[in-house]
Amino acid sequence: MIFGKKPSAPDVGRLAELHYDAVWRFCCRRVGEAHASDATQDTFLTAVRRSSSFRGESEARTWLFGIALNVCRNLHRKSGRDLGEEWLQHLPEPDPAPAALERTTLRQALLGLSPEHREAVILHEMEGFSYREIGEIVGVPEGTVKSRLHHAFLALRKALAPEEIAR
Amino acid sequence: MNVLENLKAYVDGELSPAEKSVMERAIEGSPELREEVERLRDLSTRIAGANVTPEPTGYEALRAKLPTTKAAAPRFGLPRMLAYGMTGVVALFVLGTAGQFLQNNPFARAQQMEEAAVAASAPEGYVAVPSNTDMAAQAPITEMAPGAVGGAPSESTRAMKASPERERNSMEERTKMPSGAGLSAVPPPNGNELVVPFGGRDIIYDGSIGVEVPDVQKAVDEAVDLIQSFGGYVVNSNTSSTGEDQATAYLSARVPAAKFSAALAAIGRYGKVLSRNTQSQDVTATVASYEGRIKALRNSEQEYLKMLNRARTTDERLQIQRALNETRAQISSLQTQHARLKQLAQMSNLEVSFQQNVGVKPNEGDDIWWKDSWTGAGNATSFIWERLGRGVIYLVMLAPIWIPLGLIYLWWRRRQA
């Protein structure tokens, strides 16, 4: 890369315009609403500091979510607990009538997942990242992402089994 | 292919075309798999449906904190690359210089002396006298052959004294120096110019120069002034004249080693250089060897003194006294040689002869400045390359230390980010 084409450093201001909401929502899911703004700010400020190290091997959005994930992990580490549970415990009801049971069971099922499996589920099912992009964000091979999602879904289906039978 | 593990990837459209076709065939023939696919899709839909978060806040606060300028320069922009390169070169230079310093520091020199002392304490035909051993308790004096006690000369030692060459070779072997490292001549870099080395080495420089000058007496006066201004002195001076144009002069002088090259060059500018010879001898190992041997003999002397105090009979006392006297004589001799070598290394010997020729002009401005500059630049360049080379070697040798530290630092940076 030294003598190759230079990757253009991302304009973090522009990235903030485009991705602030998505990053904020992701942080909200990972560390709860109370810490989401701080985590998002940290993410973009870190991106400013590290913009020169952006190698252009991934999309800027993927790079940004990788930073956000590390910021959230650091917050977990500092607080000593899984801050993401806050969001899961306050999951709003999209549809009042049949969704009450749905919300409770989904919350319980997601809470039962390991942090790695929950990260994979959130990034894929809620953020829409591909397996390859999740691998870049989390820093694991694509096959590991596939395996994590497979096992996460097995665990979710196991947790949701009684409810599925009732449906 | 693990069908069940790939089923989720199939639902997500993440399989390769080949895997996808295999999966499709498997699903076609299996109602259970079709049902499983439907369940996975249903669960994905339910999770996506539950993806509700509050409205994001704090964007304005972030905008206020973000710099208004564009992003930082790319990692390997030209200025940054140059800065990294220069830093690397400087770091290598510092590393090489530090390594050179450590090689010549007093500790290393002391170790070299210790090695020489150990080697010198038990040469051929000698009985080693450990400094902390009670000789009297180990071996009765009456059983010792005269001259066979530590430090006393044996036949082989006497033979060595008779043959300086053999002594030198033996000394080099004892100090485990590579052949030629003791008193070998160091050839000047370009035949005439000597480079005074950096570091704490003992090098003896010898040089002679013959110059044809228009006025011999004036040249002699200037040379004497020059030598004195350099901190040297004239040992011997002789002027003779056989006719009006046939005057000659000879000067023998000592100049500080650091000024030797400059003195030689300056005298060469008085006229036309007829001859110039320079020679150097690296005597660092020899000096260290002398120091080691003196230390060993001092230890022997102390042992003899202890033994002398314990001696009971007159015969014993006489025998020990004899050995003691011989040891002291050796110490004195070695100290003289050591002092002479050190003196020779500090003050170089310079012999100058002037010959009159009224037609010759002083060497003013003739290839002086550029030749000096050329030589100086060459010396400086070789010095820098030497330090950089040393730096590379130290970098490679110290790799087991700095590579793990660097990896730990990178891991820590990544974790912080």
# chains A, B, ... in the order shown; residues from 1 in each chain; ligands from 1
>>> residues_around(residues="region 117-124 of chain A", least_positions_apart="4", cutoff="6 Å", atoms="only C-alpha atoms", output="ChimeraX atom specification")
/A:113,128-129,148,152
>>> atom_distance(atom1="CA of Met23 (chain B)", atom2="CA of Leu149 (chain A)")
17.7 Å
>>> residues_around(residues="Cys72 (chain A)", least_positions_apart="4", cutoff="9 Å", atoms="only C-alpha atoms", output="NGL selection string")
:A and (27 or 30-31 or 36 or 39 or 43 or 67-68 or 76-77 or 83)
>>> select_by_dssp(residues="region 98-148 of chain A", states="alpha helix (DSSP H)", output="PyMOL selection string")
chain A and resi 98-111+115-121+131-138+142-148
>>> residues_around(residues="Gln337 (chain B)", least_positions_apart="5", cutoff="12 Å", atoms="only C-alpha atoms", output="compact mmCIF listing (two decimals) with N, CA and C atoms, in the first residue's frame")
# COMPACT_ATOMS: atom_id res chain seq x y z
N VAL B 283 46.57 -0.76 19.15
CA VAL B 283 47.17 -1.48 20.27
C VAL B 283 46.18 -1.62 21.43
N THR B 286 46.48 -4.93 23.06
CA THR B 286 47.75 -5.06 23.78
C THR B 286 47.70 -4.31 25.10
N VAL B 287 47.15 -3.09 25.06
CA VAL B 287 47.04 -2.29 26.29
C VAL B 287 46.17 -3.03 27.30
N ALA B 288 45.04 -3.56 26.82
CA ALA B 288 44.15 -4.28 27.73
C ALA B 288 44.85 -5.51 28.29
N SER B 289 45.65 -6.16 27.45
CA SER B 289 46.38 -7.35 27.89
C SER B 289 47.40 -6.99 28.98
N TYR B 290 48.11 -5.87 28.76
CA TYR B 290 49.06 -5.42 29.78
C TYR B 290 48.34 -5.15 31.10
N GLU B 291 47.20 -4.47 30.99
CA GLU B 291 46.47 -4.13 32.21
C GLU B 291 46.02 -5.40 32.94
N ARG B 293 47.44 -8.38 32.75
CA ARG B 293 48.60 -9.08 33.32
C ARG B 293 49.10 -8.38 34.58
N ILE B 294 49.09 -7.05 34.54
CA ILE B 294 49.52 -6.30 35.74
C ILE B 294 48.60 -6.63 36.90
N GLN B 330 58.57 -7.87 37.15
CA GLN B 330 57.68 -8.03 35.98
C GLN B 330 56.62 -6.94 35.96
N ILE B 331 56.08 -6.65 37.15
CA ILE B 331 55.05 -5.60 37.21
C ILE B 331 55.64 -4.28 36.73
N SER B 332 56.82 -3.98 37.21
CA SER B 332 57.45 -2.72 36.84
C SER B 332 57.69 -2.66 35.34
N LYS B 342 50.58 3.75 25.97
CA LYS B 342 49.54 4.77 26.15
C LYS B 342 50.05 6.13 25.66
N GLN B 343 51.33 6.39 25.99
CA GLN B 343 51.91 7.68 25.59
C GLN B 343 52.00 7.76 24.06
N LEU B 344 52.44 6.64 23.46
CA LEU B 344 52.55 6.62 22.01
C LEU B 344 51.18 6.79 21.35
>>> residues_around(residues="Asp42 (chain A)", least_positions_apart="6", cutoff="12 Å", atoms="only C-alpha atoms", output="ChimeraX atom specification")
/A:16,20,23-24,27,35-36,48-50,64-65,67-72,74-75 /B:58,61-62,65-66,416-417
>>> select_by_dssp(residues="region 180-384 of chain B", states="strand (DSSP E or B)", output="PyMOL selection string")
chain B and resi 185+203-213+233-241+247-256+272-282+347-356
>>> write_last_selection(atoms="C-alpha atoms", output="JSON list (two decimals), in the first residue's frame")
[["chain", "number", "residue", "atom", "x", "y", "z"],
["B", 185, "ALA", "CA", 49.02, -2.10, 11.25],
["B", 203, "ILE", "CA", 45.98, 3.67, 18.19],
["B", 204, "ILE", "CA", 49.57, 4.66, 17.51],
["B", 205, "TYR", "CA", 50.09, 6.88, 14.50],
["B", 206, "ASP", "CA", 53.42, 7.35, 12.79],
["B", 207, "GLY", "CA", 53.99, 9.59, 9.86],
["B", 208, "SER", "CA", 56.69, 11.24, 7.83],
["B", 209, "ILE", "CA", 56.54, 13.89, 5.17],
["B", 210, "GLY", "CA", 59.09, 15.37, 2.83],
["B", 211, "VAL", "CA", 58.36, 18.81, 1.41],
["B", 212, "GLU", "CA", 60.18, 20.98, -1.09],
["B", 213, "VAL", "CA", 59.89, 24.58, 0.06],
["B", 233, "TYR", "CA", 56.40, 19.51, 20.82],
["B", 234, "VAL", "CA", 59.57, 19.16, 18.76],
["B", 235, "VAL", "CA", 61.84, 16.33, 19.89],
["B", 236, "ASN", "CA", 64.67, 16.93, 17.52],
["B", 237, "SER", "CA", 65.50, 19.53, 14.91],
["B", 238, "ASN", "CA", 68.38, 19.70, 12.49],
["B", 239, "THR", "CA", 69.09, 22.21, 9.72],
["B", 240, "SER", "CA", 71.99, 22.02, 7.26],
["B", 241, "SER", "CA", 73.04, 24.05, 4.26],
["B", 247, "ALA", "CA", 69.45, 23.93, 2.53],
["B", 248, "THR", "CA", 67.69, 20.98, 4.19],
["B", 249, "ALA", "CA", 66.02, 20.55, 7.56],
["B", 250, "TYR", "CA", 64.77, 17.65, 9.58],
["B", 251, "LEU", "CA", 62.22, 17.79, 12.39],
["B", 252, "SER", "CA", 61.07, 15.02, 14.71],
["B", 253, "ALA", "CA", 57.97, 15.96, 16.65],
["B", 254, "ARG", "CA", 55.14, 14.58, 18.75],
["B", 255, "VAL", "CA", 51.62, 15.80, 18.12],
["B", 256, "PRO", "CA", 48.36, 14.76, 19.81],
["B", 272, "LYS", "CA", 55.53, 20.61, -2.96],
["B", 273, "VAL", "CA", 55.11, 17.30, -1.19],
["B", 274, "LEU", "CA", 57.87, 14.92, -2.21],
["B", 275, "SER", "CA", 56.92, 12.01, 0.01],
["B", 276, "ARG", "CA", 54.35, 11.22, 2.59],
["B", 277, "ASN", "CA", 54.05, 8.05, 4.66],
["B", 278, "THR", "CA", 51.57, 7.26, 7.40],
["B", 279, "GLN", "CA", 51.19, 4.17, 9.49],
["B", 280, "SER", "CA", 48.93, 3.21, 12.35],
["B", 281, "GLN", "CA", 48.83, 0.41, 14.87],
["B", 282, "ASP", "CA", 45.78, -0.53, 16.87],
["B", 347, "MET", "CA", 51.09, 11.57, 21.05],
["B", 348, "SER", "CA", 51.81, 10.59, 17.48],
["B", 349, "ASN", "CA", 55.27, 10.59, 16.00],
["B", 350, "LEU", "CA", 55.73, 12.98, 13.08],
["B", 351, "GLU", "CA", 58.93, 13.32, 11.11],
["B", 352, "VAL", "CA", 59.29, 16.22, 8.73],
["B", 353, "SER", "CA", 62.04, 16.92, 6.23],
["B", 354, "PHE", "CA", 62.29, 20.14, 4.24],
["B", 355, "GLN", "CA", 64.33, 20.57, 1.11],
["B", 356, "GLN", "CA", 65.00, 23.93, -0.46]]
>>> atom_distance(atom1="CA of Arg201 (chain B)", atom2="CA of Asp225 (chain B)")
28.7 Å
